[in-house]
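Visitor: Dropping in coords_15.json, which is JSON, C-alpha atoms:
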```json
[["chain", "number", "residue", "atom", "x", "y", "z"],
["E", 186, "MET", "CA", 108.82, 74.20, 70.15],
["E", 187, "THR", "CA", 105.13, 74.33, 69.22],
["E", 188, "HIS", "CA", 103.14, 77.56, 69.33],
["E", 189, "ARG", "CA", 101.40, 76.38, 72.49],
["E", 190, "GLU", "CA", 104.67, 75.56, 74.17],
["E", 191, "SER", "CA", 106.12, 78.95, 73.35],
["E", 192, "ILE", "CA", 103.03, 80.63, 74.83],
["E", 193, "ARG", "CA", 103.44, 78.47, 77.89],
["E", 194, "THR", "CA", 107.11, 79.50, 78.23],
["E", 195, "GLU", "CA", 106.25, 83.16, 77.79],
["E", 196, "PHE", "CA", 103.43, 82.93, 80.35],
["E", 197, "GLU", "CA", 105.64, 81.20, 82.87],
["E", 198, "SER", "CA", 108.40, 83.78, 82.61],
["E", 199, "GLU", "CA", 105.97, 86.74, 82.81],
["E", 200, "ALA", "CA", 103.40, 85.51, 85.32],
["E", 201, "LEU", "CA", 105.00, 83.01, 87.67],
["E", 202, "PRO", "CA", 107.46, 85.48, 89.24],
["E", 203, "HIS", "CA", 104.36, 87.13, 90.76],
["E", 204, "LEU", "CA", 103.15, 84.02, 92.60],
["E", 205, "ASP", "CA", 104.42, 85.23, 95.99],
["E", 206, "ALA", "CA", 102.65, 88.57, 95.58],
["E", 207, "LEU", "CA", 99.45, 86.83, 94.45],
["E", 208, "PHE", "CA", 99.58, 84.43, 97.37],
["E", 209, "GLY", "CA", 100.13, 87.35, 99.75],
["E", 210, "LEU", "CA", 97.08, 89.21, 98.43],
["E", 211, "ALA", "CA", 95.04, 86.00, 98.50],
["E", 212, "LEU", "CA", 95.95, 85.51, 102.16],
["E", 213, "ARG", "CA", 94.99, 89.09, 103.00],
["E", 214, "LEU", "CA", 91.63, 88.76, 101.23],
["E", 215, "THR", "CA", 90.77, 85.38, 102.72],
["E", 216, "GLY", "CA", 91.86, 86.39, 106.21],
["E", 217, "GLY", "CA", 94.84, 84.05, 106.29],
["E", 218, "ASP", "CA", 92.96, 80.97, 105.08],
["E", 219, "GLU", "CA", 95.84, 79.16, 103.34],
["E", 220, "PRO", "CA", 93.93, 76.41, 101.50],
["E", 221, "ARG", "CA", 91.45, 78.98, 100.21],
["E", 222, "ALA", "CA", 94.28, 81.33, 99.25],
["E", 223, "GLU", "CA", 95.99, 78.53, 97.31],
["E", 224, "ASP", "CA", 92.77, 77.73, 95.42],
["E", 225, "LEU", "CA", 92.34, 81.40, 94.66],
["E", 226, "VAL", "CA", 95.86, 81.68, 93.24],
["E", 227, "GLN", "CA", 95.33, 78.55, 91.12],
["E", 228, "ASP", "CA", 92.03, 79.87, 89.74],
["E", 229, "THR", "CA", 93.71, 83.19, 89.00],
["E", 230, "ILE", "CA", 96.61, 81.62, 87.15],
["E", 231, "LEU", "CA", 94.30, 79.41, 85.13],
["E", 232, "LYS", "CA", 92.11, 82.36, 84.12],
["E", 233, "ALA", "CA", 95.17, 84.42, 83.28],
["E", 234, "TYR", "CA", 96.64, 81.61, 81.18],
["E", 235, "ARG", "CA", 93.39, 81.12, 79.28],
["E", 236, "SER", "CA", 93.15, 84.81, 78.50],
["E", 237, "TRP", "CA", 96.86, 85.40, 78.00],
["E", 238, "ASP", "CA", 96.22, 86.63, 74.44],
["E", 239, "ARG", "CA", 94.41, 89.60, 76.01],
["E", 240, "PHE", "CA", 97.42, 90.62, 78.04],
["E", 241, "GLU", "CA", 99.41, 93.38, 76.37],
["E", 242, "THR", "CA", 103.09, 92.55, 76.53],
["E", 243, "GLY", "CA", 105.06, 95.32, 78.14],
["E", 244, "THR", "CA", 102.20, 96.44, 80.42],
["E", 245, "ASN", "CA", 102.14, 95.65, 84.13],
["E", 246, "CYS", "CA", 101.65, 91.91, 84.42],
["E", 247, "ARG", "CA", 101.56, 91.96, 88.18],
["E", 248, "ALA", "CA", 98.75, 94.54, 88.25],
["E", 249, "TRP", "CA", 96.84, 92.53, 85.63],
["E", 250, "LEU", "CA", 97.14, 89.34, 87.69],
["E", 251, "MET", "CA", 96.23, 91.10, 90.93],
["E", 252, "THR", "CA", 93.07, 92.45, 89.27],
["E", 253, "ILE", "CA", 92.09, 88.96, 88.11],
["E", 254, "LEU", "CA", 92.69, 87.60, 91.61],
["E", 255, "ARG", "CA", 90.68, 90.38, 93.23],
["E", 256, "ASN", "CA", 87.75, 89.91, 90.86],
["E", 257, "THR", "CA", 87.83, 86.14, 91.25],
["E", 258, "PHE", "CA", 87.78, 86.47, 95.01],
["E", 259, "ILE", "CA", 84.97, 89.04, 95.01],
["E", 260, "ASN", "CA", 82.80, 86.99, 92.65],
["E", 261, "GLU", "CA", 83.16, 83.99, 94.90],
["E", 262, "PHE", "CA", 82.55, 86.12, 97.98],
["E", 263, "ARG", "CA", 79.42, 87.65, 96.51],
["E", 264, "ARG", "CA", 78.13, 84.26, 95.46],
["E", 265, "LEU", "CA", 78.53, 82.93, 99.00],
["E", 266, "LYS", "CA", 77.10, 86.13, 100.44],
["E", 267, "SER", "CA", 73.87, 85.78, 98.49],
["E", 268, "ARG", "CA", 73.04, 82.89, 100.79],
["E", 269, "PRO", "CA", 71.53, 84.04, 104.05],
["E", 270, "ALA", "CA", 74.30, 84.42, 106.61],
["E", 271, "ALA", "CA", 73.90, 82.98, 110.07],
["E", 272, "VAL", "CA", 75.21, 86.14, 111.70],
["E", 273, "GLU", "CA", 75.07, 89.51, 110.03],
["E", 274, "PHE", "CA", 78.15, 91.54, 110.71],
["E", 275, "GLU", "CA", 76.13, 94.58, 111.76],
["E", 276, "GLU", "CA", 74.88, 92.51, 114.67],
["E", 277, "ILE", "CA", 78.30, 91.53, 115.92],
["E", 278, "ALA", "CA", 79.04, 93.35, 119.14],
["E", 279, "GLU", "CA", 81.98, 95.67, 118.84],
["E", 280, "ARG", "CA", 84.21, 97.42, 121.24],
["E", 281, "PRO", "CA", 83.39, 101.09, 121.24],
["E", 282, "PRO", "CA", 85.71, 102.94, 118.86],
["E", 283, "SER", "CA", 88.51, 104.28, 120.91],
["E", 284, "ASP", "CA", 91.27, 106.79, 120.48],
["E", 285, "ALA", "CA", 93.38, 105.19, 123.19],
["E", 286, "MET", "CA", 96.30, 104.81, 120.84],
["E", 287, "TYR", "CA", 96.25, 108.45, 119.80],
["E", 288, "GLU", "CA", 95.96, 109.55, 123.40],
["E", 289, "ALA", "CA", 98.92, 107.40, 124.44],
["E", 290, "ASP", "CA", 101.14, 108.30, 121.49],
["E", 291, "PRO", "CA", 99.84, 111.32, 119.55],
["E", 292, "GLU", "CA", 102.97, 111.54, 117.45],
["E", 293, "GLY", "CA", 102.51, 107.99, 116.21],
["E", 294, "ARG", "CA", 106.05, 106.86, 117.02],
["E", 295, "ILE", "CA", 104.60, 103.48, 117.79],
["E", 296, "PHE", "CA", 104.02, 102.80, 114.11],
["E", 297, "GLU", "CA", 107.76, 102.50, 113.60],
["E", 298, "ARG", "CA", 107.99, 99.79, 116.25],
["E", 299, "ILE", "CA", 105.07, 97.58, 115.32],
["E", 300, "ILE", "CA", 106.21, 94.83, 112.98],
["E", 301, "ASP", "CA", 104.57, 93.96, 109.65],
["E", 302, "THR", "CA", 103.56, 90.51, 110.85],
["E", 303, "GLU", "CA", 101.49, 92.08, 113.60],
["E", 304, "VAL", "CA", 99.81, 94.58, 111.29],
["E", 305, "ILE", "CA", 98.96, 91.82, 108.83],
["E", 306, "ALA", "CA", 97.67, 89.56, 111.61],
["E", 307, "ALA", "CA", 95.42, 92.36, 112.87],
["E", 308, "ILE", "CA", 94.04, 92.85, 109.35],
["E", 309, "GLU", "CA", 93.53, 89.12, 108.80],
["E", 310, "GLU", "CA", 91.63, 88.82, 112.08],
["E", 311, "LEU", "CA", 88.96, 91.26, 110.95],
["E", 312, "PRO", "CA", 85.61, 89.82, 109.86],
["E", 313, "ASP", "CA", 85.13, 89.66, 106.06],
["E", 314, "ASP", "CA", 82.98, 92.77, 105.84],
["E", 315, "PHE", "CA", 85.64, 94.85, 107.56],
["E", 316, "ARG", "CA", 88.73, 93.15, 106.15],
["E", 317, "ILE", "CA", 87.88, 93.17, 102.48],
["E", 318, "PRO", "CA", 87.32, 96.95, 102.23],
["E", 319, "ILE", "CA", 90.53, 97.54, 104.22],
["E", 320, "VAL", "CA", 92.58, 95.31, 101.94],
["E", 321, "LEU", "CA", 91.10, 96.90, 98.82],
["E", 322, "SER", "CA", 91.48, 100.46, 100.11],
["E", 323, "ASP", "CA", 94.50, 100.55, 102.37],
["E", 324, "LEU", "CA", 96.68, 97.83, 100.84],
["E", 325, "GLU", "CA", 95.54, 97.95, 97.22],
["E", 326, "GLY", "CA", 94.75, 101.65, 96.95],
["E", 327, "LEU", "CA", 91.30, 101.38, 95.36],
["E", 328, "ALA", "CA", 88.90, 104.34, 95.48],
["E", 329, "TYR", "CA", 85.64, 104.20, 97.47],
["E", 330, "GLN", "CA", 83.58, 103.97, 94.27],
["E", 331, "GLU", "CA", 85.67, 101.09, 92.92],
["E", 332, "ILE", "CA", 85.22, 99.17, 96.17],
["E", 333, "ALA", "CA", 81.49, 99.93, 96.20],
["E", 334, "ASP", "CA", 81.16, 98.61, 92.65],
["E", 335, "LEU", "CA", 83.17, 95.47, 93.37],
["E", 336, "LEU", "CA", 81.25, 94.62, 96.53],
["E", 337, "ASP", "CA", 77.93, 95.90, 95.19],
["E", 338, "ILE", "CA", 77.29, 98.08, 98.24],
["E", 339, "PRO", "CA", 76.71, 101.85, 98.49],
["E", 340, "VAL", "CA", 79.71, 104.18, 98.84],
["E", 341, "GLY", "CA", 78.38, 105.25, 102.25],
["E", 342, "THR", "CA", 78.60, 101.63, 103.42],
["E", 343, "VAL", "CA", 82.19, 101.39, 102.18],
["E", 344, "LYS", "CA", 83.04, 104.50, 104.17],
["E", 345, "SER", "CA", 81.39, 103.36, 107.36],
["E", 346, "ARG", "CA", 83.02, 99.91, 107.14],
["E", 347, "LEU", "CA", 86.42, 101.47, 106.55],
["E", 348, "PHE", "CA", 85.90, 103.81, 109.47],
["E", 349, "ARG", "CA", 84.92, 101.01, 111.83],
["E", 350, "ALA", "CA", 87.61, 98.68, 110.55],
["E", 351, "ARG", "CA", 90.31, 101.30, 111.01],
["E", 352, "LYS", "CA", 89.17, 102.03, 114.55],
["E", 353, "ARG", "CA", 89.12, 98.34, 115.31],
["E", 354, "LEU", "CA", 92.62, 97.91, 113.90],
["E", 355, "GLN", "CA", 93.89, 100.77, 115.99],
["E", 356, "GLY", "CA", 92.35, 99.16, 119.04],
["E", 357, "ARG", "CA", 94.06, 95.85, 118.22],
["E", 358, "LEU", "CA", 97.42, 97.47, 117.55],
["E", 359, "TYR", "CA", 97.09, 99.45, 120.75],
["E", 360, "GLU", "CA", 96.58, 96.24, 122.72],
["E", 361, "TYR", "CA", 99.62, 94.73, 121.03],
["E", 362, "ALA", "CA", 101.72, 97.82, 121.75],
["E", 363, "VAL", "CA", 100.75, 97.64, 125.41],
["E", 364, "GLU", "CA", 101.48, 93.88, 125.57],
["E", 365, "MET", "CA", 104.90, 94.49, 124.05],
["E", 366, "GLY", "CA", 105.59, 97.29, 126.49],
["E", 367, "PHE", "CA", 105.82, 99.91, 123.72],
["E", 368, "LEU", "CA", 103.02, 101.87, 125.34],
["E", 369, "ARG", "CA", 101.80, 102.15, 128.87],
["K", 266, "MET", "CA", 85.37, 125.03, 108.38],
["K", 267, "ASN", "CA", 85.04, 124.08, 112.06],
["K", 268, "CYS", "CA", 86.58, 121.12, 113.86],
["K", 269, "GLU", "CA", 83.38, 119.09, 113.84],
["K", 270, "ARG", "CA", 83.06, 119.34, 110.05],
["K", 271, "ALA", "CA", 86.78, 118.66, 109.56],
["K", 272, "LEU", "CA", 86.52, 115.48, 111.63],
["K", 273, "GLU", "CA", 83.53, 114.29, 109.61],
["K", 274, "LEU", "CA", 85.73, 114.58, 106.54],
["K", 275, "LEU", "CA", 88.81, 113.01, 108.14],
["K", 276, "PHE", "CA", 89.09, 109.86, 106.07],
["K", 277, "ASP", "CA", 87.61, 111.32, 102.89],
["K", 278, "PHE", "CA", 90.41, 113.87, 103.16],
["K", 279, "LEU", "CA", 93.17, 111.35, 103.90],
["K", 280, "ASP", "CA", 91.90, 108.96, 101.23],
["K", 281, "GLY", "CA", 91.98, 111.73, 98.63],
["K", 282, "GLU", "CA", 88.25, 111.42, 98.02],
["K", 283, "LEU", "CA", 87.26, 115.09, 98.37],
["K", 284, "GLU", "CA", 86.71, 117.59, 95.59],
["K", 285, "ASN", "CA", 89.51, 120.11, 95.28],
["K", 286, "ALA", "CA", 87.65, 123.00, 96.91],
["K", 287, "THR", "CA", 86.61, 120.96, 99.97],
["K", 288, "HIS", "CA", 90.06, 119.39, 100.21],
["K", 289, "GLU", "CA", 91.57, 122.88, 100.29],
["K", 290, "GLU", "CA", 89.12, 123.97, 102.98],
["K", 291, "VAL", "CA", 90.11, 121.07, 105.21],
["K", 292, "ALA", "CA", 93.79, 121.74, 104.53],
["K", 293, "ARG", "CA", 93.35, 125.39, 105.49],
["K", 294, "HIS", "CA", 91.63, 124.38, 108.72],
["K", 295, "LEU", "CA", 94.42, 121.94, 109.57],
["K", 296, "ALA", "CA", 97.04, 124.61, 108.98],
["K", 297, "VAL", "CA", 95.60, 126.70, 111.81],
["K", 298, "CYS", "CA", 93.99, 124.13, 114.14],
["K", 299, "ARG", "CA", 96.14, 122.77, 116.93],
["K", 300, "GLU", "CA", 93.52, 120.17, 117.83],
["K", 301, "CYS", "CA", 92.86, 118.72, 114.41],
["K", 302, "TYR", "CA", 96.32, 118.86, 112.89],
["K", 303, "PRO", "CA", 97.99, 116.30, 115.19],
["K", 304, "TYR", "CA", 94.97, 114.02, 115.02],
["K", 305, "PHE", "CA", 94.87, 114.05, 111.23],
["K", 306, "ASN", "CA", 98.62, 113.55, 111.17],
["K", 307, "PHE", "CA", 98.32, 110.52, 113.46],
["K", 308, "GLN", "CA", 95.65, 109.00, 111.24],
["K", 309, "ARG", "CA", 97.81, 109.64, 108.18],
["K", 310, "LEU", "CA", 100.72, 107.80, 109.84],
["K", 311, "PHE", "CA", 98.38, 104.95, 110.70],
["K", 312, "LEU", "CA", 97.18, 104.59, 107.11],
["K", 313, "ASP", "CA", 100.75, 104.83, 105.83],
["K", 314, "ARG", "CA", 101.70, 102.05, 108.23],
["K", 315, "LEU", "CA", 98.93, 99.81, 106.90],
["K", 316, "ALA", "CA", 99.95, 100.51, 103.30],
["K", 317, "ALA", "CA", 103.58, 99.70, 104.08],
["K", 318, "SER", "CA", 102.85, 96.34, 105.71],
["K", 319, "HIS", "CA", 104.24, 93.63, 103.51],
["K", 320, "GLU", "CA", 104.76, 90.35, 105.16],
["K", 321, "PRO", "CA", 107.01, 88.51, 102.76],
["K", 322, "ARG", "CA", 105.23, 85.25, 102.13],
["K", 323, "GLU", "CA", 106.59, 82.74, 99.72],
["K", 324, "ALA", "CA", 104.00, 80.80, 97.82],
["K", 325, "PRO", "CA", 104.22, 77.21, 99.14],
["K", 326, "SER", "CA", 106.31, 74.97, 96.86],
["K", 327, "LYS", "CA", 103.33, 72.61, 96.66],
["K", 328, "LEU", "CA", 101.29, 75.43, 95.13],
["K", 329, "THR", "CA", 103.98, 76.23, 92.57],
["K", 330, "ARG", "CA", 104.14, 72.55, 91.64],
["K", 331, "GLN", "CA", 100.36, 72.30, 91.31],
["K", 332, "ILE", "CA", 100.32, 75.36, 89.11],
["K", 333, "ARG", "CA", 102.96, 73.92, 86.79],
["K", 334, "GLU", "CA", 100.91, 70.71, 86.54],
["K", 335, "LEU", "CA", 97.81, 72.76, 85.82],
["K", 336, "LEU", "CA", 99.64, 74.57, 83.03],
["K", 337, "ASP", "CA", 100.92, 71.23, 81.69],
["K", 338, "ARG", "CA", 97.36, 69.96, 81.43],
["K", 339, "GLU", "CA", 96.13, 73.17, 79.83],
["K", 340, "THR", "CA", 98.96, 73.19, 77.31],
["K", 341, "LEU", "CA", 98.40, 69.57, 76.28],
["K", 342, "GLU", "CA", 94.62, 69.77, 75.94]]
```
How does the structure come out when it is put into structure tokens?
Guide:
Amino acid sequence: MTHRESIRTEFESEALPHLDALFGLALRLTGGDEPRAEDLVQDTILKAYRSWDRFETGTNCRAWLMTILRNTFINEFRRLKSRPAAVEFEEIAERPPSDAMYEADPEGRIFERIIDTEVIAAIEELPDDFRIPIVLSDLEGLAYQEIADLLDIPVGTVKSRLFRARKRLQGRLYEYAVEMGFLR
Amino acid sequence: MNCERALELLFDFLDGELENATHEEVARHLAVCRECYPYFNFQRLFLDRLAASHEPREAPSKLTRQIRELLDRETLE
């Protein structure tokens, strides 16, 4: 086996087991856009393979790959964003933030009944500017400052987007819970 | 700390973004406030629910195949 082939074998055994997780994160970030998510995973794997000598064996390969994927996505997102958008998200009409869910079920029992698929669908439905901070904060556990740096927006903007996105998600999950007859 | 101030800090508190002293102040308010405690608790459960949502998605076999081909090309170059 040549040196290159042994690197290839090592990379495959370390990195490829994380493909499902990478694809999952790519779907969350792209809002369920499968072709885009697939491209993102491919770009990530290629970057990781090319810089495999910088990966320290024994450290968390999954976390390393997820970081590459996140950065790749954000760079692409910011590049597209620098073009003038047809509709700015601030202009999109929103439902007023509502605490209907809390009022109907203050103890939050409903959260045990709502299935993952529905939570993920509600997240994926959010517009980019809401969804991306939610994925980075609530699924990936990044701090406000880290998100602000990645997206190149002020921390206050991160906070207000998270606030609005969370309210919107609660509204969506409330509607689902009512449809399913979990709440009246 | 009053309820209005506590509510302003709701998500900073739940996200662990407050300095220790302020975090403690909010915690002390929650310990005695019957209005805020259940509301904060509900929001905590909501955030926990988001964090726990993992829809198991297998990467499509086509993607896995394409990636192996990509690695083949990279290895041969």
Visitor: With all atoms listed in the file as the counted atoms, please give the residues lying no more than 12 Å from Thr257 (chain E), apart from itself and same-chain residues fewer than 3 positions off, as a PyMOL selection string.
Guide: chain E and resi 211+214-215+222+224-233+250-254+260-264+335-336
Visitor: Counting only C-alpha atoms, which residues of chain E fall within 8 Å of chain K, and what is the closest atom pair for each with its distance in Å at one decimal, ordered by chain and rising number, as a tab-separated table?
Guide:
```
residue	atom	partner	partner_atom	distance
E:Arg189	CA	K:Thr340	CA	6.3
E:Glu190	CA	K:Thr340	CA	6.9
E:Arg193	CA	K:Thr340	CA	6.9
E:Leu204	CA	K:Ala324	CA	6.2
E:Asp205	CA	K:Ala324	CA	4.8
E:Ala206	CA	K:Arg322	CA	7.8
E:Phe208	CA	K:Ala324	CA	5.7
E:Gly209	CA	K:Arg322	CA	6.0
E:Glu223	CA	K:Leu328	CA	6.5
E:Gln227	CA	K:Ile332	CA	6.3
E:Ile230	CA	K:Ile332	CA	7.5
E:Leu231	CA	K:Leu336	CA	7.5
E:Tyr234	CA	K:Leu336	CA	7.9
E:Tyr287	CA	K:Phe307	CA	7.0
E:Pro291	CA	K:Phe307	CA	6.3
E:Glu292	CA	K:Phe307	CA	6.2
E:Gly293	CA	K:Phe307	CA	5.6
E:Phe296	CA	K:Arg314	CA	6.4
E:Asp301	CA	K:Ser318	CA	4.9
E:Thr302	CA	K:Glu320	CA	5.8
E:Val304	CA	K:Ser318	CA	6.6
E:Ile305	CA	K:Ser318	CA	6.7
E:Asp323	CA	K:Ala316	CA	5.5
E:Leu324	CA	K:Ala316	CA	4.9
E:Glu325	CA	K:Ala316	CA	7.9
E:Ala328	CA	K:Glu282	CA	7.5
E:Tyr329	CA	K:Glu282	CA	7.7
E:Phe348	CA	K:Phe276	CA	7.6
```
Visitor: Could you check how far CA of Leu358 (chain E) sits from CA of Pro312 (chain E), in Å to one decimal?
Guide: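 CA of Pro312 (chain E) lies 16.0 Å from CA of Leu358 (chain E).
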Visitor: For the atom pair CA of Thr187 (chain E) and CA of Arg239 (chain E), what is the interatomic distance in Å to one decimal place?
Guide: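 Atom-to-atom, CA of Thr187 (chain E) and CA of Arg239 (chain E) are spaced 19.9 Å apart.
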